[in-house]
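Enquirer: Okay, here's the structure, questions in a sec.
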Amino acid sequence: MAADKPPIRVLVCDDESGIRLILNKRISRTAGFEVVGEAADGKEALEQFDLLRPDVVFLDVDMPLVSGIECAREFQDKDPECKLVFATGHEEYMGEAFEVYAFDYLVKPFNLERLDATLDRIRELKERRSARDAEPVPREVRRSKTDRLMVRHREGVVFLDPEEILLIQREDRATVMYTLGEGRYVIPETMQEIEDKLDEKTFFRCHKSYIINVHHIRAITPYGRWTYVVQLDGTRHDALITHEKYEELERRFS
């Protein structure tokens, strides 16, 4: 008998206990989700995130001690794949939520059907990702004519053909490079420093937390209200791309 799929782990952050209760009850009653923690202020939200490492965070913008926007920036730097959903009474902060790549933005008082629609989209993305993870990873290598790149990482030095590099991302406040053959290297450079070393014809900064090899793009699908998911050949890791960067990439291939 196949094991049950792990639930989508949710952290609920809001200084209003009534809102936390509503979100907790609705999310907990939704198939495939589990509320693993709550936070009543921004400081507690940061602590709970580090402890629980949720898949999804529901958070208010206006929270004591640390704002929801500042929390979201911290969350994203630690785990760019975590989905951030703002549930707030402040519609005017939607632009700032866009800057931290929120998956969705619910304005209080939101109806429960609107919340259900957001949960459905999150679950659909998880199911699509699980189905793709079950497929074999393509191993095709497109050799380039450029010189090999010397990459310093925590365990030493590796020399790579740039075409072997699939993805660079921010992860746990570090810069991580993924390569063909499921290679993973934690490197000392910032995203900007590594971007400056790479050929701009091959590599594209699609998001503040991601650089992708455009020769390995397999598909681009909708993610949140303002972003898309980039799927790459040769790896099970995805990248996010903003709407503006998506349009820029379209122009490049047109």
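Residues are referred to by chain and number: the chain letter is A, B, ... according to the order shown in the structure tokens, the number counts from 1 in that chain, and ligands are numbered separately from 1 in the order shown.
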Give me, as an mmCIF file with C-alpha atoms, in the first residue's frame, all polymer residues having an atom no more than 12 Å from Ala117 in chain A, counting only C-alpha atoms and skipping those fewer than 5 positions away in the same chain.
Expert:
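Final file, selection.cif:
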data_model
loop_
_atom_site.group_PDB
_atom_site.id
_atom_site.type_symbol
_atom_site.label_atom_id
_atom_site.label_comp_id
_atom_site.auth_asym_id
_atom_site.auth_seq_id
_atom_site.Cartn_x
_atom_site.Cartn_y
_atom_site.Cartn_z
ATOM 1 C CA ARG A 26 -10.530 26.516 7.592
ATOM 2 C CA ILE A 27 -7.049 25.395 6.574
ATOM 3 C CA THR A 30 -9.030 21.395 3.957
ATOM 4 C CA ASP A 104 -1.695 35.767 -3.110
ATOM 5 C CA LEU A 106 -6.404 38.452 0.565
ATOM 6 C CA PHE A 110 -12.241 38.025 2.868
ATOM 7 C CA ASN A 111 -14.868 35.364 2.258
ATOM 8 C CA LEU A 112 -14.043 31.736 2.895
ATOM 9 C CA ILE A 122 -1.538 25.752 -3.776
ATOM 10 C CA ARG A 123 -2.587 22.097 -3.648
ATOM 11 C CA GLU A 124 -2.768 21.887 -7.456
ATOM 12 C CA GLY A 224 0.827 33.237 -7.965
#
Enquirer: Run DSSP on the backbone and tell me which residues of range 43-165 of chain A come out as strand (DSSP E); list them as a list in words.
Expert: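 Assigned to strand (DSSP E), within range 43-165 of chain A: Val56, Val57, Phe58, Leu59, Lys83, Leu84, Val85, Phe86, Ala87, Thr88, Asp104, Tyr105, Leu106, Val107, Leu149, Met150, Val151, Arg152, His153, Gly156, Val157, Val158, Phe159, Leu160 and Ile165 of chain A.
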Enquirer: Restricting it to N, CA and C atoms, dump the selection as a PDB file, in the first residue's frame.
Expert:
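Final file, selection.pdb:
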ATOM      1  N   VAL A  56       3.937  26.893   3.410  1.00  0.00           N
ATOM      2  CA  VAL A  56       3.090  28.066   3.150  1.00  0.00           C
ATOM      3  C   VAL A  56       3.024  28.899   4.423  1.00  0.00           C
ATOM      4  N   VAL A  57       3.057  30.231   4.260  1.00  0.00           N
ATOM      5  CA  VAL A  57       2.847  31.131   5.395  1.00  0.00           C
ATOM      6  C   VAL A  57       1.715  32.096   5.061  1.00  0.00           C
ATOM      7  N   PHE A  58       0.697  32.134   5.916  1.00  0.00           N
ATOM      8  CA  PHE A  58      -0.329  33.174   5.862  1.00  0.00           C
ATOM      9  C   PHE A  58       0.096  34.249   6.858  1.00  0.00           C
ATOM     10  N   LEU A  59       0.154  35.504   6.419  1.00  0.00           N
ATOM     11  CA  LEU A  59       0.619  36.537   7.337  1.00  0.00           C
ATOM     12  C   LEU A  59      -0.057  37.870   7.063  1.00  0.00           C
ATOM     13  N   LYS A  83       5.568  29.464  -0.098  1.00  0.00           N
ATOM     14  CA  LYS A  83       4.510  30.315  -0.656  1.00  0.00           C
ATOM     15  C   LYS A  83       4.002  31.270   0.421  1.00  0.00           C
ATOM     16  N   LEU A  84       3.975  32.557   0.107  1.00  0.00           N
ATOM     17  CA  LEU A  84       3.573  33.600   1.041  1.00  0.00           C
ATOM     18  C   LEU A  84       2.206  34.136   0.638  1.00  0.00           C
ATOM     19  N   VAL A  85       1.257  34.068   1.558  1.00  0.00           N
ATOM     20  CA  VAL A  85      -0.096  34.568   1.307  1.00  0.00           C
ATOM     21  C   VAL A  85      -0.394  35.647   2.347  1.00  0.00           C
ATOM     22  N   PHE A  86      -0.586  36.875   1.892  1.00  0.00           N
ATOM     23  CA  PHE A  86      -0.951  37.962   2.800  1.00  0.00           C
ATOM     24  C   PHE A  86      -2.453  37.954   3.012  1.00  0.00           C
ATOM     25  N   ALA A  87      -2.866  38.029   4.263  1.00  0.00           N
ATOM     26  CA  ALA A  87      -4.273  38.180   4.639  1.00  0.00           C
ATOM     27  C   ALA A  87      -4.346  39.413   5.523  1.00  0.00           C
ATOM     28  N   THR A  88      -4.774  40.525   4.965  1.00  0.00           N
ATOM     29  CA  THR A  88      -4.619  41.806   5.645  1.00  0.00           C
ATOM     30  C   THR A  88      -5.774  42.748   5.327  1.00  0.00           C
ATOM     31  N   ASP A 104      -0.367  35.180  -3.028  1.00  0.00           N
ATOM     32  CA  ASP A 104      -1.695  35.767  -3.110  1.00  0.00           C
ATOM     33  C   ASP A 104      -1.821  36.860  -2.053  1.00  0.00           C
ATOM     34  N   TYR A 105      -2.871  37.667  -2.199  1.00  0.00           N
ATOM     35  CA  TYR A 105      -3.100  38.811  -1.314  1.00  0.00           C
ATOM     36  C   TYR A 105      -4.598  38.867  -1.028  1.00  0.00           C
ATOM     37  N   LEU A 106      -4.999  38.470   0.168  1.00  0.00           N
ATOM     38  CA  LEU A 106      -6.404  38.452   0.565  1.00  0.00           C
ATOM     39  C   LEU A 106      -6.690  39.679   1.421  1.00  0.00           C
ATOM     40  N   VAL A 107      -7.709  40.445   1.049  1.00  0.00           N
ATOM     41  CA  VAL A 107      -8.055  41.665   1.781  1.00  0.00           C
ATOM     42  C   VAL A 107      -9.201  41.355   2.745  1.00  0.00           C
ATOM     43  N   LEU A 149      34.408  27.108 -16.134  1.00  0.00           N
ATOM     44  CA  LEU A 149      34.319  28.081 -15.049  1.00  0.00           C
ATOM     45  C   LEU A 149      34.829  27.439 -13.764  1.00  0.00           C
ATOM     46  N   MET A 150      35.738  28.113 -13.066  1.00  0.00           N
ATOM     47  CA  MET A 150      36.215  27.619 -11.777  1.00  0.00           C
ATOM     48  C   MET A 150      35.257  28.092 -10.684  1.00  0.00           C
ATOM     49  N   VAL A 151      34.675  27.152  -9.986  1.00  0.00           N
ATOM     50  CA  VAL A 151      33.684  27.462  -8.956  1.00  0.00           C
ATOM     51  C   VAL A 151      34.222  27.037  -7.596  1.00  0.00           C
ATOM     52  N   ARG A 152      34.400  28.008  -6.713  1.00  0.00           N
ATOM     53  CA  ARG A 152      34.811  27.701  -5.342  1.00  0.00           C
ATOM     54  C   ARG A 152      33.569  27.417  -4.513  1.00  0.00           C
ATOM     55  N   HIS A 153      33.631  26.371  -3.703  1.00  0.00           N
ATOM     56  CA  HIS A 153      32.486  26.035  -2.855  1.00  0.00           C
ATOM     57  C   HIS A 153      33.008  25.559  -1.502  1.00  0.00           C
ATOM     58  N   GLY A 156      35.659  22.783  -1.584  1.00  0.00           N
ATOM     59  CA  GLY A 156      36.844  22.935  -2.417  1.00  0.00           C
ATOM     60  C   GLY A 156      36.565  23.713  -3.681  1.00  0.00           C
ATOM     61  N   VAL A 157      37.077  23.191  -4.807  1.00  0.00           N
ATOM     62  CA  VAL A 157      36.948  23.863  -6.101  1.00  0.00           C
ATOM     63  C   VAL A 157      36.501  22.843  -7.132  1.00  0.00           C
ATOM     64  N   VAL A 158      35.620  23.243  -8.040  1.00  0.00           N
ATOM     65  CA  VAL A 158      35.199  22.387  -9.140  1.00  0.00           C
ATOM     66  C   VAL A 158      35.254  23.201 -10.423  1.00  0.00           C
ATOM     67  N   PHE A 159      35.629  22.547 -11.542  1.00  0.00           N
ATOM     68  CA  PHE A 159      35.682  23.208 -12.838  1.00  0.00           C
ATOM     69  C   PHE A 159      34.500  22.708 -13.664  1.00  0.00           C
ATOM     70  N   LEU A 160      33.674  23.633 -14.129  1.00  0.00           N
ATOM     71  CA  LEU A 160      32.435  23.280 -14.804  1.00  0.00           C
ATOM     72  C   LEU A 160      32.346  23.919 -16.182  1.00  0.00           C
ATOM     73  N   ILE A 165      25.695  24.115 -15.684  1.00  0.00           N
ATOM     74  CA  ILE A 165      25.037  24.880 -14.627  1.00  0.00           C
ATOM     75  C   ILE A 165      23.584  25.121 -15.037  1.00  0.00           C
TER      76      ILE A 165
END
Enquirer: Here is a test: counting only C-alpha atoms, which residue of A:Leu21, A:Ile187, A:Ile69, A:Ala219 is nearest to Val35 in chain A?
Expert: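 Checking each candidate against Val35 in chain A, we get A:Leu21 as the closest.
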Enquirer: Pick out the closest residue to Lys208 in chain A from this set: A:Tyr101, A:Phe49, A:Tyr185, A:Phe253. Count only C-alpha atoms.
Expert: A:Tyr101
Enquirer: Which polymer residues have any atom within 6 Å of an atom of Val214 in chain A, counting only C-alpha atoms, with same-chain residues fewer than 2 positions away left out, as a list in words?
Expert: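 Near Val214 in chain A, the qualifying residues are Thr202, Phe203, Ile212, His216 and Ile217 of chain A.
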Enquirer: Counting only C-alpha atoms, which residue out of A:Met94, A:Cys82, A:Cys13, A:Leu198 sits closest to Leu240 in chain A?
Expert: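 Of A:Met94, A:Cys82, A:Cys13, A:Leu198, the one nearest Leu240 in chain A, counting only C-alpha atoms, is A:Cys82.
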Enquirer: Could you make a table, as a tab-separated table, of the residues of range 24-90 of chain A that have an atom within 7 Å of an atom of range 6-9 of chain A, each with its nearest atom pair and distance in Å to one decimal, counting only C-alpha atoms, in chain and number order?
Expert:
residue	atom	partner	partner_atom	distance
A:Gly32	CA	A:Pro7	CA	4.9
A:Phe33	CA	A:Ile8	CA	4.7
A:Glu34	CA	A:Arg9	CA	5.1
A:Val35	CA	A:Arg9	CA	6.0
A:Val36	CA	A:Arg9	CA	6.0
A:Pro54	CA	A:Arg9	CA	5.0
A:Asp55	CA	A:Arg9	CA	5.2
A:Val56	CA	A:Arg9	CA	6.3
Enquirer: Any chance you can output those residues with C-alpha atoms as a short mmCIF file (atom, residue, chain, number, x, y, z; two decimals), in the first residue's frame?
Expert:
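again.cif, freshly written:
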data_model
loop_
_atom_site.label_atom_id
_atom_site.label_comp_id
_atom_site.auth_asym_id
_atom_site.auth_seq_id
_atom_site.Cartn_x
_atom_site.Cartn_y
_atom_site.Cartn_z
CA GLY A 32 -3.99 17.96 2.19
CA PHE A 33 -3.15 20.82 4.60
CA GLU A 34 -1.88 20.95 8.16
CA VAL A 35 -1.44 24.05 10.33
CA VAL A 36 1.84 23.40 12.10
CA PRO A 54 6.55 25.52 6.57
CA ASP A 55 5.57 25.15 2.92
CA VAL A 56 3.09 28.07 3.15
#
Enquirer: Which residues in range 45-143 of chain A does DSSP call alpha helix (DSSP H)? List them as a PyMOL selection string.
Expert: chain A and resi 45-52+68-78+94-99+112-133
Enquirer: Any chance you could export the current selection's N, CA and C atoms as a compact mmCIF listing (two decimals), in the first residue's frame?
Expert:
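Listing of result_10.txt after writing:
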# COMPACT_ATOMS: atom_id res chain seq x y z
N ALA A 45 6.88 35.11 14.48
CA ALA A 45 6.75 34.54 13.14
C ALA A 45 8.12 34.10 12.61
N LEU A 46 9.14 34.93 12.79
CA LEU A 46 10.48 34.57 12.34
C LEU A 46 11.01 33.35 13.08
N GLU A 47 10.75 33.30 14.38
CA GLU A 47 11.21 32.16 15.18
C GLU A 47 10.51 30.88 14.75
N GLN A 48 9.19 30.97 14.55
CA GLN A 48 8.42 29.79 14.16
C GLN A 48 8.82 29.30 12.76
N PHE A 49 9.13 30.23 11.88
CA PHE A 49 9.55 29.84 10.54
C PHE A 49 10.83 29.03 10.59
N ASP A 50 11.81 29.51 11.37
CA ASP A 50 13.08 28.79 11.49
C ASP A 50 12.89 27.42 12.11
N LEU A 51 11.99 27.33 13.06
CA LEU A 51 11.75 26.06 13.75
C LEU A 51 10.98 25.06 12.90
N LEU A 52 9.96 25.54 12.17
CA LEU A 52 9.02 24.64 11.51
C LEU A 52 9.27 24.45 10.02
N GLY A 68 4.86 42.38 8.57
CA GLY A 68 4.69 41.22 7.70
C GLY A 68 5.56 41.30 6.46
N ILE A 69 5.75 42.50 5.92
CA ILE A 69 6.59 42.66 4.74
C ILE A 69 8.04 42.30 5.06
N GLU A 70 8.54 42.76 6.22
CA GLU A 70 9.91 42.43 6.62
C GLU A 70 10.05 40.94 6.87
N CYS A 71 9.05 40.34 7.50
CA CYS A 71 9.06 38.89 7.70
C CYS A 71 9.13 38.16 6.36
N ALA A 72 8.32 38.62 5.41
CA ALA A 72 8.29 37.97 4.10
C ALA A 72 9.66 38.02 3.43
N ARG A 73 10.36 39.13 3.55
CA ARG A 73 11.71 39.23 2.97
C ARG A 73 12.65 38.20 3.59
N GLU A 74 12.55 38.05 4.92
CA GLU A 74 13.38 37.06 5.62
C GLU A 74 13.02 35.65 5.17
N PHE A 75 11.72 35.36 5.10
CA PHE A 75 11.28 34.03 4.69
C PHE A 75 11.80 33.69 3.30
N GLN A 76 11.70 34.65 2.40
CA GLN A 76 12.08 34.41 1.02
C GLN A 76 13.58 34.16 0.89
N ASP A 77 14.37 34.87 1.69
CA ASP A 77 15.82 34.70 1.63
C ASP A 77 16.22 33.33 2.16
N LYS A 78 15.44 32.81 3.10
CA LYS A 78 15.75 31.49 3.66
C LYS A 78 15.21 30.36 2.80
N MET A 94 -0.43 46.21 -1.29
CA MET A 94 -0.37 45.18 -2.32
C MET A 94 0.90 45.32 -3.16
N GLY A 95 1.30 46.56 -3.43
CA GLY A 95 2.52 46.77 -4.21
C GLY A 95 3.75 46.22 -3.54
N GLU A 96 3.85 46.43 -2.21
CA GLU A 96 4.99 45.89 -1.47
C GLU A 96 4.94 44.37 -1.43
N ALA A 97 3.73 43.80 -1.36
CA ALA A 97 3.60 42.35 -1.40
C ALA A 97 4.10 41.82 -2.75
N PHE A 98 3.83 42.56 -3.81
CA PHE A 98 4.32 42.18 -5.13
C PHE A 98 5.85 42.12 -5.13
N GLU A 99 6.49 43.06 -4.44
CA GLU A 99 7.95 43.11 -4.42
C GLU A 99 8.57 41.91 -3.72
N LEU A 112 -14.71 33.02 2.78
CA LEU A 112 -14.04 31.74 2.89
C LEU A 112 -13.88 31.05 1.54
N GLU A 113 -14.76 31.36 0.59
CA GLU A 113 -14.62 30.79 -0.76
C GLU A 113 -13.35 31.31 -1.43
N ARG A 114 -13.04 32.57 -1.16
CA ARG A 114 -11.80 33.14 -1.72
C ARG A 114 -10.58 32.45 -1.11
N LEU A 115 -10.63 32.18 0.18
CA LEU A 115 -9.55 31.44 0.83
C LEU A 115 -9.44 30.03 0.26
N ASP A 116 -10.58 29.37 0.06
CA ASP A 116 -10.58 28.02 -0.49
C ASP A 116 -9.93 27.99 -1.88
N ALA A 117 -10.21 29.01 -2.68
CA ALA A 117 -9.64 29.07 -4.03
C ALA A 117 -8.11 29.15 -3.97
N THR A 118 -7.60 29.92 -3.02
CA THR A 118 -6.15 30.03 -2.85
C THR A 118 -5.56 28.69 -2.43
N LEU A 119 -6.20 28.02 -1.48
CA LEU A 119 -5.72 26.71 -1.03
C LEU A 119 -5.76 25.69 -2.17
N ASP A 120 -6.80 25.76 -3.00
CA ASP A 120 -6.91 24.84 -4.13
C ASP A 120 -5.75 25.03 -5.10
N ARG A 121 -5.39 26.28 -5.35
CA ARG A 121 -4.29 26.54 -6.29
C ARG A 121 -2.95 26.05 -5.72
N ILE A 122 -2.76 26.24 -4.42
CA ILE A 122 -1.54 25.75 -3.78
C ILE A 122 -1.47 24.23 -3.86
N ARG A 123 -2.57 23.56 -3.59
CA ARG A 123 -2.59 22.10 -3.65
C ARG A 123 -2.36 21.60 -5.08
N GLU A 124 -2.96 22.28 -6.06
CA GLU A 124 -2.77 21.89 -7.46
C GLU A 124 -1.30 21.97 -7.86
N LEU A 125 -0.63 23.05 -7.43
CA LEU A 125 0.79 23.19 -7.74
C LEU A 125 1.60 22.07 -7.10
N LYS A 126 1.25 21.73 -5.86
CA LYS A 126 1.97 20.65 -5.16
C LYS A 126 1.77 19.32 -5.89
N GLU A 127 0.56 19.04 -6.35
CA GLU A 127 0.28 17.79 -7.05
C GLU A 127 1.01 17.72 -8.38
N ARG A 128 1.06 18.85 -9.09
CA ARG A 128 1.79 18.87 -10.36
C ARG A 128 3.28 18.64 -10.13
N ARG A 129 3.80 19.24 -9.05
CA ARG A 129 5.21 19.05 -8.72
C ARG A 129 5.49 17.59 -8.36
N SER A 130 4.60 16.98 -7.59
CA SER A 130 4.79 15.58 -7.20
C SER A 130 4.76 14.67 -8.41
N ALA A 131 3.85 14.94 -9.36
CA ALA A 131 3.77 14.13 -10.56
C ALA A 131 5.04 14.27 -11.40
N ARG A 132 5.56 15.48 -11.48
CA ARG A 132 6.78 15.70 -12.25
C ARG A 132 7.99 15.04 -11.59
N ASP A 133 8.01 15.05 -10.24
CA ASP A 133 9.12 14.42 -9.52
C ASP A 133 9.18 12.93 -9.77
Enquirer: How many Å lie between CA of Glu195 in chain A and CA of Pro162 in chain A, rounded to one decimal?
Expert: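 Pair CA of Glu195 in chain A / CA of Pro162 in chain A returns 12.1 Å.
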Enquirer: Find the residues near range 170-177 of chain A: any atom within 8 Å, counting only C-alpha atoms, skip ones fewer than 2 places away on the same chain, and give them as a PDB file with N, CA and C atoms, in the first residue's frame.
Expert:
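Output saved as part29.pdb:
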ATOM      1  N   ASP A  77      14.374  34.874   1.689  1.00  0.00           N
ATOM      2  CA  ASP A  77      15.816  34.701   1.632  1.00  0.00           C
ATOM      3  C   ASP A  77      16.225  33.331   2.163  1.00  0.00           C
ATOM      4  N   LYS A  78      15.441  32.811   3.103  1.00  0.00           N
ATOM      5  CA  LYS A  78      15.748  31.494   3.664  1.00  0.00           C
ATOM      6  C   LYS A  78      15.205  30.364   2.801  1.00  0.00           C
ATOM      7  N   ASP A  79      14.030  30.553   2.228  1.00  0.00           N
ATOM      8  CA  ASP A  79      13.412  29.498   1.423  1.00  0.00           C
ATOM      9  C   ASP A  79      12.551  30.138   0.344  1.00  0.00           C
ATOM     10  N   PRO A  80      13.121  30.402  -0.845  1.00  0.00           N
ATOM     11  CA  PRO A  80      12.352  31.082  -1.897  1.00  0.00           C
ATOM     12  C   PRO A  80      11.184  30.264  -2.419  1.00  0.00           C
ATOM     13  N   ILE A 165      25.695  24.115 -15.684  1.00  0.00           N
ATOM     14  CA  ILE A 165      25.037  24.880 -14.627  1.00  0.00           C
ATOM     15  C   ILE A 165      23.584  25.121 -15.037  1.00  0.00           C
ATOM     16  N   LEU A 166      22.673  24.671 -14.212  1.00  0.00           N
ATOM     17  CA  LEU A 166      21.255  24.792 -14.523  1.00  0.00           C
ATOM     18  C   LEU A 166      20.596  25.956 -13.815  1.00  0.00           C
ATOM     19  N   LEU A 167      20.980  26.181 -12.565  1.00  0.00           N
ATOM     20  CA  LEU A 167      20.222  27.087 -11.700  1.00  0.00           C
ATOM     21  C   LEU A 167      21.120  27.565 -10.571  1.00  0.00           C
ATOM     22  N   ILE A 168      21.025  28.844 -10.265  1.00  0.00           N
ATOM     23  CA  ILE A 168      21.646  29.405  -9.055  1.00  0.00           C
ATOM     24  C   ILE A 168      20.543  30.078  -8.271  1.00  0.00           C
ATOM     25  N   THR A 179      23.684  21.790 -10.697  1.00  0.00           N
ATOM     26  CA  THR A 179      24.231  21.415 -11.989  1.00  0.00           C
ATOM     27  C   THR A 179      23.654  20.082 -12.447  1.00  0.00           C
ATOM     28  N   GLY A 183      24.288  17.833  -9.101  1.00  0.00           N
ATOM     29  CA  GLY A 183      25.326  18.498  -8.321  1.00  0.00           C
ATOM     30  C   GLY A 183      24.761  19.696  -7.576  1.00  0.00           C
ATOM     31  N   ARG A 184      25.258  19.932  -6.388  1.00  0.00           N
ATOM     32  CA  ARG A 184      24.824  21.061  -5.551  1.00  0.00           C
ATOM     33  C   ARG A 184      26.039  21.658  -4.863  1.00  0.00           C
ATOM     34  N   TYR A 185      26.274  22.960  -5.076  1.00  0.00           N
ATOM     35  CA  TYR A 185      27.447  23.624  -4.523  1.00  0.00           C
ATOM     36  C   TYR A 185      27.031  24.910  -3.814  1.00  0.00           C
ATOM     37  N   VAL A 186      27.411  25.030  -2.543  1.00  0.00           N
ATOM     38  CA  VAL A 186      27.194  26.268  -1.798  1.00  0.00           C
ATOM     39  C   VAL A 186      28.419  27.139  -2.031  1.00  0.00           C
ATOM     40  N   ILE A 187      28.225  28.296  -2.669  1.00  0.00           N
ATOM     41  CA  ILE A 187      29.342  29.120  -3.102  1.00  0.00           C
ATOM     42  C   ILE A 187      29.380  30.438  -2.329  1.00  0.00           C
ATOM     43  N   PRO A 188      30.558  31.053  -2.206  1.00  0.00           N
ATOM     44  CA  PRO A 188      30.684  32.256  -1.374  1.00  0.00           C
ATOM     45  C   PRO A 188      30.166  33.537  -2.024  1.00  0.00           C
ATOM     46  N   GLU A 189      30.035  33.559  -3.361  1.00  0.00           N
ATOM     47  CA  GLU A 189      29.628  34.781  -4.043  1.00  0.00           C
ATOM     48  C   GLU A 189      28.166  35.130  -3.770  1.00  0.00           C
ATOM     49  N   THR A 190      27.873  36.410  -3.863  1.00  0.00           N
ATOM     50  CA  THR A 190      26.481  36.850  -3.863  1.00  0.00           C
ATOM     51  C   THR A 190      25.860  36.538  -5.217  1.00  0.00           C
ATOM     52  N   MET A 191      24.542  36.672  -5.301  1.00  0.00           N
ATOM     53  CA  MET A 191      23.878  36.458  -6.585  1.00  0.00           C
ATOM     54  C   MET A 191      24.415  37.413  -7.641  1.00  0.00           C
ATOM     55  N   SER A 209      15.990  36.009  -6.464  1.00  0.00           N
ATOM     56  CA  SER A 209      16.534  34.819  -5.804  1.00  0.00           C
ATOM     57  C   SER A 209      16.947  33.721  -6.766  1.00  0.00           C
ATOM     58  N   TYR A 210      16.840  33.962  -8.096  1.00  0.00           N
ATOM     59  CA  TYR A 210      17.112  32.895  -9.061  1.00  0.00           C
ATOM     60  C   TYR A 210      17.842  33.408 -10.302  1.00  0.00           C
TER      61      TYR A 210
END
Enquirer: Might you pull out every residue within 10 Å of Glu16 in chain A, with only C-alpha atoms counted and same-chain residues fewer than 6 positions away left off, and present them as a PyMOL selection string?
Expert: chain A and resi 39-41+60+63
Enquirer: Take the residues just selected and output them with N, CA and C atoms as a PDB file, in the first residue's frame.
Expert:
ATOM      1  N   ALA A  39       1.658  32.422  15.009  1.00  0.00           N
ATOM      2  CA  ALA A  39       2.471  33.500  15.579  1.00  0.00           C
ATOM      3  C   ALA A  39       1.609  34.749  15.708  1.00  0.00           C
ATOM      4  N   ALA A  40       1.771  35.461  16.828  1.00  0.00           N
ATOM      5  CA  ALA A  40       0.967  36.647  17.108  1.00  0.00           C
ATOM      6  C   ALA A  40       1.711  37.946  16.813  1.00  0.00           C
ATOM      7  N   ASP A  41       2.997  37.860  16.499  1.00  0.00           N
ATOM      8  CA  ASP A  41       3.767  39.055  16.131  1.00  0.00           C
ATOM      9  C   ASP A  41       4.902  38.648  15.196  1.00  0.00           C
ATOM     10  N   ASP A  60      -0.195  38.639   8.133  1.00  0.00           N
ATOM     11  CA  ASP A  60      -0.728  39.991   8.047  1.00  0.00           C
ATOM     12  C   ASP A  60       0.412  40.940   7.707  1.00  0.00           C
ATOM     13  N   MET A  63       1.911  43.822  11.729  1.00  0.00           N
ATOM     14  CA  MET A  63       2.097  43.018  12.930  1.00  0.00           C
ATOM     15  C   MET A  63       3.076  43.702  13.875  1.00  0.00           C
TER      16      MET A  63
END
